[in-house]
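Reviewing the structure listed below.
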There are 2 protein chains.
Amino acid sequence: MNMVAWLDGQPVESLPVTDRGLHYGDGLFETLAVKEGRVRRLPLHLKRLRDGCDRLGIRKPDETVLQQELQQAIAGQDRAVLKLMLTRGSGGRGYRPSEQSVVSRLLLRYPWPDYPLDWSGQGIELRVCRTRLGRNPALAGIKHLNRLEQVLARAEWSEGAQEGLMLDTEGWVIEGTMSNVFASPAEGRLVTPGLSQAGVAGVTRQYILERARGHSMEVEVRPLSLDELLGCQELFVCNSIAGVWPVRCIESRDYSVGPLTRLAATWAMEP
Amino acid sequence: MNMVAWLDGQPVESLPVTDRGLHYGDGLFETLAVKEGRVRRLPLHLKRLRDGCDRLGIRKPDETVLQQELQQAIAGQDRAVLKLMLTRGSGGRGYRPSEQSVVSRLLLRYPWPDYPLDWSGQGIELRVCRTRLGRNPALAGIKHLNRLEQVLARAEWSEGAQEGLMLDTEGWVIEGTMSNVFASPAEGRLVTPGLSQAGVAGVTRQYILERARGHSMEVEVRPLSLDELLGCQELFVCNSIAGVWPVRCIESRDYSVGPLTRLAATWAMEP
């Protein structure tokens, strides 16, 4: 697997059994792309991490230290994936967070995954997952460690589709299991689901939204039904590692890779 | 803290950083009371654990091995709390469970908590938490490791109430942060919230339900509003460690400790 890990800057292979990340999923994570020896879109990742700390009431880590640890982890690496996890640290029995708890910074470096090129060129197959996302504004948007819904959704299939589309328990389209989703209902228009009730507000989603708005494109962030999504002209998913993957089919419906998807893909590749 | 831990039967202080319990909360747990050197209601705990494994698609552990490990952990102990965690084991990057994954059995032994006697005698103060429980049938009922909602709820207060009452996002009463809740709307009648959408189906709740039915009591498991709960004659919460705690007040409303609560408390104490 060739994974390397650091806990609070020190090389490790394990972490204390008392860690609240393990006991309750009491923490946050970021998945960072390292390309040409550089962490991509670090300010956006750090901003989401700060937002997550605020939402969960977790003390924010010293970002100077964090950046030093990221640099240490990517020294000599051209391409890699970093997974940064922040947990509320070790605790005793019981849900109540201790005021003395010291946040743990766990950093894992993985080899860059070589996704087949045609996934970004010709597009991927998307399937609609049976597993739904619960709705809870208290946890929506942030990238916390309670990810059983994604695990159950991703366990639904092993062959065929490259990604699965998740709806919430009311049937609204939210995201992919590991990506955000965009659609183009008409030329020059882009829509992506609002994430106030469920889902993770991805950094690549955020970047594409900013670029599209800067491009004077009509961009809507709002509830999106499966029917409306299926009726759109272009569809794509995105995340920090994959960039943009056009959707070429959802189960039996086909889509072509259109100009807005191509444009978003170039934005996602920007440094 | 005086905690002792075993991973797959071997004494440990840490577990691999690749464990899916940490990364996704991809696992289950049971909190077991050890009294007079014996794990209480082990068959009910093992049944819930099996149900949880079925629901999450986690391979069920060998219960003979599990029981040996529990015995090893309580050797020479009169009273203790055991926390048994099952995770989907170590994995690589990504939500998809590997078919080769080997379930991890993490067992932690904690000292018995000496709750003040008047909590079970005169009752506790219950507060109504602001944090709501999301509704998702896929995760409701089982004791999985995605417990951020409970953490956020329990972080709402530090003094006063001994337990917090949680509603779901639609406003239905579900449970306490670490307990289930029962109410008596009238003499000889008992009601507890149904847990098909949210909540953990506690072993003590299950035992009380069985004893009440065996007692020919009128028992209802159904949606319960906060107004109806507040209007009940008797209220109590229960879990495997506390047994039964009568509720003597919810914020400004007072309740007396009634005969049904006393009866449930004796049931909870049964071996």
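As shown in the structure tokens, the chain order sets the letters A, B, ...; within each chain, residues go from 1, and ligands are also counted from 1 in the order they appear.
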
Env of Leu260 in chain A: 8 Å cut, atoms = only C-alpha atoms, seq-sep filter 5 positions within chain, self excluded. Answer as a ChimeraX atom specification.
/A:184,187-188,234

Please report as a ChimeraX atom specification which residues of chain B come no farther than 6 Å from chain A, using only C-alpha atoms.
/B:13-17,21-22,24-26,95-96,134-136,145-148,151,154-155

Selected residues written out with C-alpha atoms, as an mmCIF file, in the first residue's frame:
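New file out00.cif:
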```
data_model
loop_
_atom_site.group_PDB
_atom_site.id
_atom_site.type_symbol
_atom_site.label_atom_id
_atom_site.label_comp_id
_atom_site.auth_asym_id
_atom_site.auth_seq_id
_atom_site.Cartn_x
_atom_site.Cartn_y
_atom_site.Cartn_z
ATOM 1 C CA GLU B 13 -2.347 0.907 23.736
ATOM 2 C CA SER B 14 -2.810 1.835 20.107
ATOM 3 C CA LEU B 15 -4.302 0.603 16.877
ATOM 4 C CA PRO B 16 -3.226 0.944 13.226
ATOM 5 C CA VAL B 17 -3.746 4.387 11.672
ATOM 6 C CA GLY B 21 -13.180 2.695 12.503
ATOM 7 C CA LEU B 22 -11.043 5.823 12.688
ATOM 8 C CA TYR B 24 -15.115 6.489 8.635
ATOM 9 C CA GLY B 25 -16.586 5.354 11.951
ATOM 10 C CA ASP B 26 -16.930 2.091 10.041
ATOM 11 C CA TYR B 95 -14.904 4.299 1.156
ATOM 12 C CA ARG B 96 -15.251 0.963 -0.572
ATOM 13 C CA GLY B 134 -30.750 13.092 11.580
ATOM 14 C CA ARG B 135 -33.233 10.537 10.292
ATOM 15 C CA ASN B 136 -31.868 7.618 8.311
ATOM 16 C CA LEU B 145 -19.425 4.423 15.530
ATOM 17 C CA ASN B 146 -20.843 7.567 13.852
ATOM 18 C CA ARG B 147 -21.679 9.444 17.027
ATOM 19 C CA LEU B 148 -20.992 13.098 16.288
ATOM 20 C CA VAL B 151 -20.945 14.448 20.984
ATOM 21 C CA ARG B 154 -23.391 16.367 25.144
ATOM 22 C CA ALA B 155 -21.124 19.370 24.552
#
```

For CA of Ala73 in chain B and CA of Gly9 in chain B, the interatomic separation in Å (one decimal)
8.7 Å

Members of range 61-264 of chain B assigned strand (DSSP E or B) by DSSP, as a PyMOL selection string
chain B and resi 80-87+90+104-111+124-128+133+141+144+163-168+172-176+180-184+189-193+200+218-222+225+234-239+243-250+253-254

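Omitting range 114-120 of chain A and its sequence neighbours fewer than 6 positions away, and counting only C-alpha atoms, the residues within 12 Å are Arg79, Ala80, Val81, Leu126, Ala161, Gln162, Glu163, Phe236, Val237, Cys238, Asn239, Ile241, Ala242, Gly243, Val244, Trp245, Pro246, Val247, Arg248, Cys249, Val257, Thr261, Arg262, Ala264, Ala265, Thr266, Ala268 and Met269 of chain A.
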
Shell of 10 Å around Leu263 in chain B, only C-alpha atoms, local chain residues under 6 positions omitted, as a PyMOL selection string
chain B and resi 208+211-212+244

Export of the given selection (all heavy atoms) as a PDB file, in the first residue's frame:
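Contents of the output file part-v4.pdb:
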```
ATOM      1  N   ILE B 208     -36.369  -4.095  29.380  1.00  0.00           N
ATOM      2  CA  ILE B 208     -37.546  -3.526  30.057  1.00  0.00           C
ATOM      3  C   ILE B 208     -38.808  -3.774  29.226  1.00  0.00           C
ATOM      4  O   ILE B 208     -39.857  -4.132  29.763  1.00  0.00           O
ATOM      5  CB  ILE B 208     -37.332  -2.018  30.332  1.00  0.00           C
ATOM      6  CG1 ILE B 208     -36.271  -1.853  31.432  1.00  0.00           C
ATOM      7  CG2 ILE B 208     -38.642  -1.321  30.721  1.00  0.00           C
ATOM      8  CD1 ILE B 208     -35.828  -0.412  31.673  1.00  0.00           C
ATOM      9  N   ARG B 211     -39.810  -7.413  29.765  1.00  0.00           N
ATOM     10  CA  ARG B 211     -40.349  -7.656  31.112  1.00  0.00           C
ATOM     11  C   ARG B 211     -41.734  -7.031  31.248  1.00  0.00           C
ATOM     12  O   ARG B 211     -42.628  -7.625  31.845  1.00  0.00           O
ATOM     13  CB  ARG B 211     -39.392  -7.086  32.173  1.00  0.00           C
ATOM     14  CG  ARG B 211     -38.103  -7.842  32.312  1.00  0.00           C
ATOM     15  CD  ARG B 211     -38.319  -9.230  32.890  1.00  0.00           C
ATOM     16  NE  ARG B 211     -38.291  -9.249  34.335  1.00  0.00           N
ATOM     17  CZ  ARG B 211     -39.252  -9.753  35.103  1.00  0.00           C
ATOM     18  NH1 ARG B 211     -40.356 -10.248  34.558  1.00  0.00           N
ATOM     19  NH2 ARG B 211     -39.136  -9.767  36.419  1.00  0.00           N
ATOM     20  N   ALA B 212     -41.894  -5.842  30.661  1.00  0.00           N
ATOM     21  CA  ALA B 212     -43.196  -5.163  30.766  1.00  0.00           C
ATOM     22  C   ALA B 212     -44.270  -5.957  30.031  1.00  0.00           C
ATOM     23  O   ALA B 212     -45.390  -6.123  30.520  1.00  0.00           O
ATOM     24  CB  ALA B 212     -43.090  -3.747  30.211  1.00  0.00           C
ATOM     25  N   VAL B 244     -31.735   2.196  35.621  1.00  0.00           N
ATOM     26  CA  VAL B 244     -32.812   3.173  35.413  1.00  0.00           C
ATOM     27  C   VAL B 244     -32.555   4.417  36.245  1.00  0.00           C
ATOM     28  O   VAL B 244     -32.235   4.322  37.432  1.00  0.00           O
ATOM     29  CB  VAL B 244     -34.181   2.561  35.791  1.00  0.00           C
ATOM     30  CG1 VAL B 244     -35.230   3.651  36.009  1.00  0.00           C
ATOM     31  CG2 VAL B 244     -34.651   1.592  34.703  1.00  0.00           C
TER      32      VAL B 244
END
```

Using only C-alpha atoms, the residue out of B:Gly258, B:Pro61, B:Gly141, B:Gly164 with shortest distance to Cys232 in chain B is B:Gly258

Which residue, A:Arg59, A:Ile250, A:Val39, A:Glu220, has the smallest gap to Gly160 in chain A when you use only C-alpha atoms?
A:Ile250

Which neighbours of Glu210 in chain A fall inside 12 Å, counting only C-alpha atoms, when residues of the same chain fewer than 2 positions from it are skipped, and could you give them as a ChimeraX atom specification?
/A:44,190,203-208,212-221,264,267-268
